[in-house]
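**Q** Dropping the structure in here first, questions after.
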Amino acid sequence: MALTRREFIKLTGMGLAASSLGVMGFGASGVAQAAAVRPFKLTHATETRNTCTYCSVACGILIYSMGDKAKNARSNIIHIEGDPDHPVNRGTLCPKGSALLDIVHAPTRLKAPRYREPGGTEFREVTWDFALDRIARLMKDDRDKHFIATNAAGTTVNRWTSTGMLAASASSSETAYLTWKVARSLGMVVFDNQARV
Amino acid sequence: MSDMQSQDYVRRSASTMTPPSARNVEDQVAKLIDVSRCIGCKACQAACMEWNNLRPEIGHFEGSYENPNDLGPSVWTLMKFNEYENEQGNLEWLIRKDGCMHCEDPGCLKACPAPGAIVQYANGIVDFISDKCIGCGYCVKGCPFNIPRISKTDHKSYKCTLCSDRVTVGLEPACVKACPTGAIMFGAKTDMQHQAAERIVDLKARGFAHAGLYDPPEVQGTHVMYVLHHADKPSLYSGLPDKPHISTLVQAWKGLYKPLAVAAVALAAIGAFFHWITIGPNETTEEDEAEARREMRETEEEQAP
Amino acid sequence: MTNTWQDIKNANVVIVMGGNAAEAHPCGFKWVIEAKIENGAKLVVVDPRFTRTASVADYYAPIRPGTDIAFLSGVMHYLLTNDKIQHSYVKNYTNASLLVKDEFTFTDGLFSGFNDQTHSYDKGSWDYEIGDDGFAKADDTWQNPRCVINLLKQHVSRYTPEMVSRICGTPQDKFLHICELIAGTSAPDRAMTSLFALGWTQHTVGAQNIRAMAMVQLLLGNIGVAGGGMNALRGHSNIQGLTDIGLLSNQMPGYLNLPTDKETSFDEYMKTRQFKPLRPGQTSYYQNTKKMTVSLMKALFGDAATVDNHWGYDLLPKLDIPLYDIIKAFEMMNNGQMTGYICQGFNPLQAFPDRGKIRAGLSKLKFLVTMDPLDTETSRFWQDFGPQNPARSREIQTEVFQLPTTCFAEENGSLVNSARWLQWHWKAADAPGIAKSDLWIMSGLFQRLRALYQKEGGAFPDALMGMTWKYTDPWEPDPEELAKEMNGKFLADVTDPVTQVTSKAGTLLDGFGQLHDDGSTASGCWIFAGCFTEKGNQMARRDATDPREQGIAPNWAWAWPANRRILYNRASADPEGKAWNPKKPVVEWNGSKWVGIDVPDYVVTQKPSANDGPFIMTVEGQGRLFARNLMAEGPFPEHYEPMESPVVNVLHPKVGPNPVARVFDHDRSNFGKPGDFPYVATTYRLTEHFHYWTKHALINAILQPEEFIEIGEALAKEKGIDQGGWVKVSSKRGEVVCKAYVTKRIKPLMVDGKATHVIGCPIHWGFTGQARKGYGANTLTPSVGDANTQTPEFKAFLVNVEKTSAPVG
């Protein structure tokens, strides 16, 4: 069966998000190119389908990462460009989308939990267990202290107003749904998102 | 990376060469920049930096959206903005993506004294081969569009490659792919000319009587062309030359002095030297490189059994 | 968006007003360029500044920030007086003919029922005359002066071209030229699309700005058709999804509401929600609300939700006030009423108005948790960064946790785009360091809290314990499991009464039509039902085939509701079921059913002669030119000045700004007067940046490195400000020192005979990331919100500007 790379990806995109350019014979491209030209850098990169994280045009993107997902290779994203199959962006990307690589690898990406104590002047790295145990403790103490089970009229209201949450605007719907479940299971009502700004 | 005799070259700086005779069918490519549909978003700049692994320094705000403030060794394309009040008193914000024009008759290549530092492929792309570059800056002088920039770090000259690495494997340049509004297109030069013609009809219908294609004959046309709403005044677009021309100094240098200088340089590269002394002198006295090429072809045909 | 991004190419006129699509949504904007090139469309831009959208427009007109309602009411006045409305559409598909109660009045800027103590309305009179049959009365001849259309004509009659120009500063000739272009789309086979964003929402009258344009579109017959619609270009990649799933103080998934204290029982809660039709034979889809609600409760609480405990009604919190939105949250923080706050991927110190108030509020918390891939300003509000963040660390007692999360490239999941498409994406790499997914973090907190309550007991643990959590990995649920839970499934074997097909318990739902109110179905977000069925993950579909290349692509990903791409698409056809525009039909009646390139927004076998209105979600079945009691400040839009305005309201000097705007008392003293702050400022985004994220990305920092404001040449000259020179911009709330861009693109506007200067403040800089440090435009903005949506007024406020030197530090 003769397939172009695009057709190949279309057929497999539903189950298999990633495919390697190398698999499709692009590995031979080095032979074809003039020796003076910079070697094509994606020849054996792994291609993964994703959606741009910025605005709600939701452009399709192709993320290229080093390594073929072999056990001993840690994949590292080396390039991101537009997905030409996507019906809205058709391969294009704006100046933000075209620079997605630099947000993935921003020097200010956070790598470990950090904690700042009352009156402190610096952050210090802490373990996840420290952070989550402590946050859960603070939440429970506040909730037990301020939870409102019934109002003045005696109606069951089960709300917690003294701890609140702002939810993200770029997290997945699945994350949003789970976040909703957690917040409401605690009776949290000071709960909002970034829809307005 | 380089080779001395790629079949894909049609021109090579400071050396005469025989264009490939076996591979003689290759479409000329071109990038068409339609400024009338450009929104100045700089996706082209971002994509260029990302693909080519270039990151110039973070600059300052200097009174315009132009950032970085100039082309540079790691700034191969730059959006230029001009706030222009037309005859009717209405504002037009003329935005142009600046960068190498990939001239059919490249002044940079003509001026370059380093053998093989600047080459032109059969598809029309003009490329700088860094390891051959001696950083003399003659290409800057030779360029009618003020494009190449010399790096202060490695003293080599840099500019847009038209993503020759992508084009070689059958992809469009990174800026072309990214452009959100299709203001940058890429394809065979003839197709791009047709595309431009359609756009010009539309622009004229929208009141731009002087809409036209910028493909300046002074450099025998370019492989980066513009659709302009005011093709009668290219200089409105942040100094796009009305009539680009290769400096007369470069022309003179090319014609009279360069063969001598090149001879000295070429001693270090015997192959090239031989190439030059066997068929070089007959042609390099010609000022026009295209003329030279035609003559070279004729010579070869005559020599063919 | 009512339509899709690609559908924009079918428009004959594209109006960008209240937004800057080319800069904020460049890849969506390609379809505007496509409309121009392939469809000969005209692009019209109305904006205080000549933007990059304006640079490719066919026609541009300036407008004073905060006066869009005056402009659009003027457009309506033009359409009605020049008879440029699509009569058959207006008569059949809008509430133009319905009669309004006699008690409804509008006098001197106020509608009937205003209470000046509470700054709110008793909306009792804002309704139709109801007949003995329980339906709204109508006069199809439009003779009755109480017809909606006649009241509308009367209401907008004040907005003459002269008045529009006086209020907006738009030259009359430019305004009239635009009216003419818009009016051309009243022809049944021509369409205009409206593209807008925060330029309309971020006003004290934001929702009414949008209503005004929606009314223009209804008068022109441009809703539901190809190339038409009201297209809100949403900001963030999944803000549509977060809104759909109800991550708002008063919301539940699928636009269901949390109960209030007044709704003491489930029955009472349901009573006000199953809206009965107000016209004969209408669908009024919300009659199905109980099915949606019960199915949600079963998804949330499983076996803990039973018919006996009213589906776990008391497990939900109830609201004592309408909203605990962000403005309220920071008010509470400043009042010392809050202990803790969790910011998940949200940076309020940059994003919310009156930065000083935000910083003060955070300083009063006992603890703050941030979850973000990036080092945000909010997480470092307590640290001294010089004039850009002058904090006294030692005095701030807030415990701060900065939790590193994965980003888009490091997770699987779905996002909902502006056109309501749910698109799946795949993980490409692991997160840096020991950063973790939000799913892992939220689950970790949930499990720890459960364990603590199990061990120690405490306040009302029932909802926490009862919440369903049947995931393969309870410490980090698989996104596919969550997607299936939102889609919903049968909980018992159910036989369809019509088809007699039995669905087994556990089977995933095909759509919300299968929901039941007896506990036999569960669905975590009913509008998403159909996104993940027994046929697989519909959100991962990648067939871009597009019938007739009309911009629908029905098999690409999945759109809510029911994979419908154009909302209200029944209205694309005339009352007999034939397309208004035969060249671009969407759905048509073929004699036995509705067919076309999109999923009909209608009962598929409902005959056109049944006269069921095309707007099946409304009680009238019609588009509303008169909004009844659904808006806070009135059934018709009215021009109110921004909270900080340079002029009096020339229409009604006693009622200047929106009388019911969201404002807290002690913010009132924080509003500036034109004597001290004579210039109108507006904030906005630049195309090179995305909010406060991309200043962390090197390429974007290179493309727009440093904070600046935009100022017209005339004002710059008057104030001695040089191109690229330093200026100090101040408002009642704070000051910003930054560079000036002196530009021809902003010109003084003649407002009520006075030259009014506008200053533009891009928002992107802060004190973390790669770009140069900035103060942030929210240092200047007022803490006041829209009366319906609480969206802060970022687009129109008052400042002063002075020449200065570079900041120290």
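Please note that chains go A, B, ... in the order of the structure tokens, that every chain numbers its residues from 1, and that ligands are numbered from 1 in the order shown.
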Looking only at helix (DSSP H, G or I) from DSSP on the backbone, list the matching residues of chain A as a VMD selection string.

**A** chain A and resid 5 to 12 21 to 24 26 to 32 97 to 104 128 to 146 173 to 185

**Q** Would you give me, as a list in words, the residues of chain C that come within 6 Å of chain B, using only C-alpha atoms?

**A**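 Here they are: Pro26, Cys27, Lys30, Arg52, Ser55, Thr687, Ile702, Leu703, Pro705, Glu706, Gln723, Gly724 and Tyr741 of chain C.
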
**Q** Can you tell me, as a ChimeraX atom specification, what residues are no more than 10 Å from stretch 581-597 of chain C when counting only C-alpha atoms, ignoring any on the same chain fewer than 6 positions away?

**A** /C:10,187-191,224-227,546-548,550-554,564-566,569-575,603-608

**Q** Include N, CA and C atoms and write out the residues we just selected as an mmCIF file, in the first residue's frame.

**A**
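Once everything was written out, this is result.cif:
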data_model
loop_
_atom_site.group_PDB
_atom_site.id
_atom_site.type_symbol
_atom_site.label_atom_id
_atom_site.label_comp_id
_atom_site.auth_asym_id
_atom_site.auth_seq_id
_atom_site.Cartn_x
_atom_site.Cartn_y
_atom_site.Cartn_z
ATOM 1 N N ASN C 10 -17.073 32.657 4.392
ATOM 2 C CA ASN C 10 -18.329 32.788 3.659
ATOM 3 C C ASN C 10 -18.980 34.161 3.811
ATOM 4 N N ALA C 187 -29.812 41.785 2.763
ATOM 5 C CA ALA C 187 -30.285 40.914 1.679
ATOM 6 C C ALA C 187 -30.206 39.471 2.168
ATOM 7 N N PRO C 188 -31.235 38.641 1.862
ATOM 8 C CA PRO C 188 -31.257 37.288 2.420
ATOM 9 C C PRO C 188 -30.032 36.450 2.059
ATOM 10 N N ASP C 189 -29.426 36.719 0.912
ATOM 11 C CA ASP C 189 -28.302 35.869 0.502
ATOM 12 C C ASP C 189 -26.953 36.501 0.819
ATOM 13 N N ARG C 190 -26.951 37.531 1.646
ATOM 14 C CA ARG C 190 -25.674 38.118 2.056
ATOM 15 C C ARG C 190 -25.542 38.073 3.574
ATOM 16 N N ALA C 191 -24.301 37.948 4.028
ATOM 17 C CA ALA C 191 -24.094 37.788 5.466
ATOM 18 C C ALA C 191 -22.945 38.641 5.955
ATOM 19 N N GLY C 224 -27.185 32.179 12.347
ATOM 20 C CA GLY C 224 -27.528 30.818 11.916
ATOM 21 C C GLY C 224 -27.123 30.521 10.489
ATOM 22 N N VAL C 225 -26.714 31.562 9.758
ATOM 23 C CA VAL C 225 -26.382 31.385 8.347
ATOM 24 C C VAL C 225 -24.866 31.231 8.158
ATOM 25 N N ALA C 226 -24.486 30.692 6.999
ATOM 26 C CA ALA C 226 -23.061 30.597 6.668
ATOM 27 C C ALA C 226 -22.496 32.007 6.527
ATOM 28 N N GLY C 227 -21.334 32.229 7.113
ATOM 29 C CA GLY C 227 -20.688 33.534 7.017
ATOM 30 C C GLY C 227 -21.285 34.585 7.927
ATOM 31 N N ASP C 546 -14.312 18.305 3.979
ATOM 32 C CA ASP C 546 -15.193 19.448 4.177
ATOM 33 C C ASP C 546 -16.152 19.569 2.999
ATOM 34 N N PRO C 547 -17.404 19.091 3.157
ATOM 35 C CA PRO C 547 -18.325 19.109 2.019
ATOM 36 C C PRO C 547 -18.449 20.501 1.410
ATOM 37 N N ARG C 548 -18.339 20.581 0.121
ATOM 38 C CA ARG C 548 -18.444 21.841 -0.631
ATOM 39 C C ARG C 548 -17.422 22.866 -0.159
ATOM 40 N N GLN C 550 -17.141 24.305 2.597
ATOM 41 C CA GLN C 550 -17.887 25.426 3.180
ATOM 42 C C GLN C 550 -17.468 25.722 4.617
ATOM 43 N N GLY C 551 -16.394 25.054 5.066
ATOM 44 C CA GLY C 551 -15.876 25.437 6.378
ATOM 45 C C GLY C 551 -16.544 24.752 7.550
ATOM 46 N N ILE C 552 -17.030 23.534 7.356
ATOM 47 C CA ILE C 552 -17.685 22.803 8.441
ATOM 48 C C ILE C 552 -16.785 21.693 8.978
ATOM 49 N N ALA C 553 -16.142 20.922 8.093
ATOM 50 C CA ALA C 553 -15.287 19.802 8.492
ATOM 51 C C ALA C 553 -15.937 18.968 9.601
ATOM 52 N N PRO C 554 -17.089 18.356 9.316
ATOM 53 C CA PRO C 554 -17.893 17.742 10.386
ATOM 54 C C PRO C 554 -17.233 16.542 11.069
ATOM 55 N N ARG C 564 -22.577 19.737 16.466
ATOM 56 C CA ARG C 564 -23.148 20.804 15.632
ATOM 57 C C ARG C 564 -22.108 21.912 15.492
ATOM 58 N N ARG C 565 -21.889 22.352 14.249
ATOM 59 C CA ARG C 565 -20.831 23.330 14.008
ATOM 60 C C ARG C 565 -21.365 24.759 13.922
ATOM 61 N N ILE C 566 -22.603 24.924 13.441
ATOM 62 C CA ILE C 566 -23.178 26.277 13.390
ATOM 63 C C ILE C 566 -24.444 26.281 14.243
ATOM 64 N N ASN C 569 -28.704 26.795 13.266
ATOM 65 C CA ASN C 569 -28.616 26.692 11.809
ATOM 66 C C ASN C 569 -29.971 26.498 11.118
ATOM 67 N N ARG C 570 -31.022 26.196 11.890
ATOM 68 C CA ARG C 570 -32.360 26.185 11.283
ATOM 69 C C ARG C 570 -32.662 27.554 10.668
ATOM 70 N N ALA C 571 -32.100 28.595 11.276
ATOM 71 C CA ALA C 571 -32.358 29.959 10.799
ATOM 72 C C ALA C 571 -31.637 30.271 9.490
ATOM 73 N N SER C 572 -30.828 29.324 8.986
ATOM 74 C CA SER C 572 -30.184 29.542 7.688
ATOM 75 C C SER C 572 -31.171 29.312 6.546
ATOM 76 N N ALA C 573 -32.338 28.750 6.898
ATOM 77 C CA ALA C 573 -33.359 28.495 5.882
ATOM 78 C C ALA C 573 -34.585 29.353 6.178
ATOM 79 N N ASP C 574 -35.365 29.630 5.150
ATOM 80 C CA ASP C 574 -36.543 30.475 5.332
ATOM 81 C C ASP C 574 -37.648 29.662 6.025
ATOM 82 N N PRO C 575 -38.794 30.284 6.325
ATOM 83 C CA PRO C 575 -39.829 29.548 7.054
ATOM 84 C C PRO C 575 -40.270 28.267 6.345
ATOM 85 N N VAL C 603 -35.443 19.741 15.702
ATOM 86 C CA VAL C 603 -35.924 18.360 15.663
ATOM 87 C C VAL C 603 -35.919 17.927 14.194
ATOM 88 N N VAL C 604 -35.175 16.874 13.904
ATOM 89 C CA VAL C 604 -34.841 16.554 12.514
ATOM 90 C C VAL C 604 -36.070 16.302 11.645
ATOM 91 N N THR C 605 -37.136 15.792 12.247
ATOM 92 C CA THR C 605 -38.319 15.468 11.437
ATOM 93 C C THR C 605 -39.440 16.500 11.607
ATOM 94 N N GLN C 606 -39.136 17.595 12.301
ATOM 95 C CA GLN C 606 -40.155 18.629 12.534
ATOM 96 C C GLN C 606 -40.429 19.396 11.245
ATOM 97 N N LYS C 607 -41.673 19.343 10.766
ATOM 98 C CA LYS C 607 -42.024 20.024 9.509
ATOM 99 C C LYS C 607 -41.897 21.546 9.665
ATOM 100 N N PRO C 608 -41.495 22.242 8.598
ATOM 101 C CA PRO C 608 -41.425 23.713 8.686
ATOM 102 C C PRO C 608 -42.786 24.308 9.042
#

**Q** Using only C-alpha atoms, which of A:Lys41, A:Lys111, A:Lys140, A:Lys71 sits nearest chain B?

**A**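 Nearest candidate to chain B out of A:Lys41, A:Lys111, A:Lys140, A:Lys71: A:Lys41.
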
**Q** Just want the 7 Å neighbourhood of C:Ile149, counted on only C-alpha atoms, with same-chain residues fewer than 2 positions away dropped. Output as a PyMOL selection string.

**A** chain C and resi 96-97+147+151-153

**Q** For those residues, write N, CA and C atoms to a file as a PDB file, in the first residue's frame.

**A**
ATOM      1  N   ALA C  96     -39.855  40.332  17.605  1.00  0.00           N
ATOM      2  CA  ALA C  96     -40.289  41.672  17.198  1.00  0.00           C
ATOM      3  C   ALA C  96     -41.790  41.907  17.399  1.00  0.00           C
ATOM      4  N   SER C  97     -42.580  40.857  17.198  1.00  0.00           N
ATOM      5  CA  SER C  97     -44.040  41.030  17.229  1.00  0.00           C
ATOM      6  C   SER C  97     -44.635  40.942  18.632  1.00  0.00           C
ATOM      7  N   CYS C 147     -45.453  46.561  20.555  1.00  0.00           N
ATOM      8  CA  CYS C 147     -44.641  45.515  19.921  1.00  0.00           C
ATOM      9  C   CYS C 147     -43.166  45.797  20.214  1.00  0.00           C
ATOM     10  N   LEU C 151     -41.046  49.423  20.211  1.00  0.00           N
ATOM     11  CA  LEU C 151     -40.330  49.932  21.382  1.00  0.00           C
ATOM     12  C   LEU C 151     -38.844  50.106  21.061  1.00  0.00           C
ATOM     13  N   LEU C 152     -38.332  49.173  20.273  1.00  0.00           N
ATOM     14  CA  LEU C 152     -36.920  49.262  19.891  1.00  0.00           C
ATOM     15  C   LEU C 152     -36.675  50.504  19.035  1.00  0.00           C
ATOM     16  N   LYS C 153     -37.579  50.707  18.043  1.00  0.00           N
ATOM     17  CA  LYS C 153     -37.443  51.889  17.178  1.00  0.00           C
ATOM     18  C   LYS C 153     -37.403  53.154  18.023  1.00  0.00           C
TER      19      LYS C 153
END

**Q** Let me make sure I understand: among C:Ala304, C:Ile69, C:Ala540, C:Leu219, which one has the smallest atom-to-atom distance to chain A if we use only C-alpha atoms?

**A**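 Using only C-alpha atoms, chain A sits closest to C:Ala540.
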
**Q** Going by DSSP on the backbone, which bits of stretch 87-123 of chain C are strand (DSSP E)? Write them as a ChimeraX atom specification, please.

**A** /C:106-107,110-111,114-115,120-121

**Q** I need the residue nearest chain A from this list: C:Tyr341, C:Phe111, C:Trp421, C:Tyr453. Use only C-alpha atoms for the distance.

**A**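 Using only C-alpha atoms, chain A sits closest to C:Tyr341.
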
**Q** Could you check the closest approach to chain B for each of A:Ala149, A:Ile63, A:Ala99, A:Ile78 and tell me which residue wins, using only C-alpha atoms?

**A**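 Smallest distance to chain B is found for A:Ala99.
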
**Q** For a test of reading the model, state the distance in Å between atom CA of C:Gln86 and atom CA of C:Ser157, rounded to one decimal.

**A** 19.3 Å

**Q** If we count only C-alpha atoms, what is near B:Ser164 at a cut-off of 12 Å, once residues fewer than 2 positions away on the same chain are taken out, given as a count of residues only?

**A** 37

**Q** Near stretch 344-348 of chain C, within 10 Å and counting only C-alpha atoms, which residues show up once chain neighbours fewer than 4 positions away are dropped, as a ChimeraX atom specification?

**A** /A:165-171,179,193-194,197 /C:326,330,352-353,355,358-359,362,369-379,403,405,407,438,691-693,778
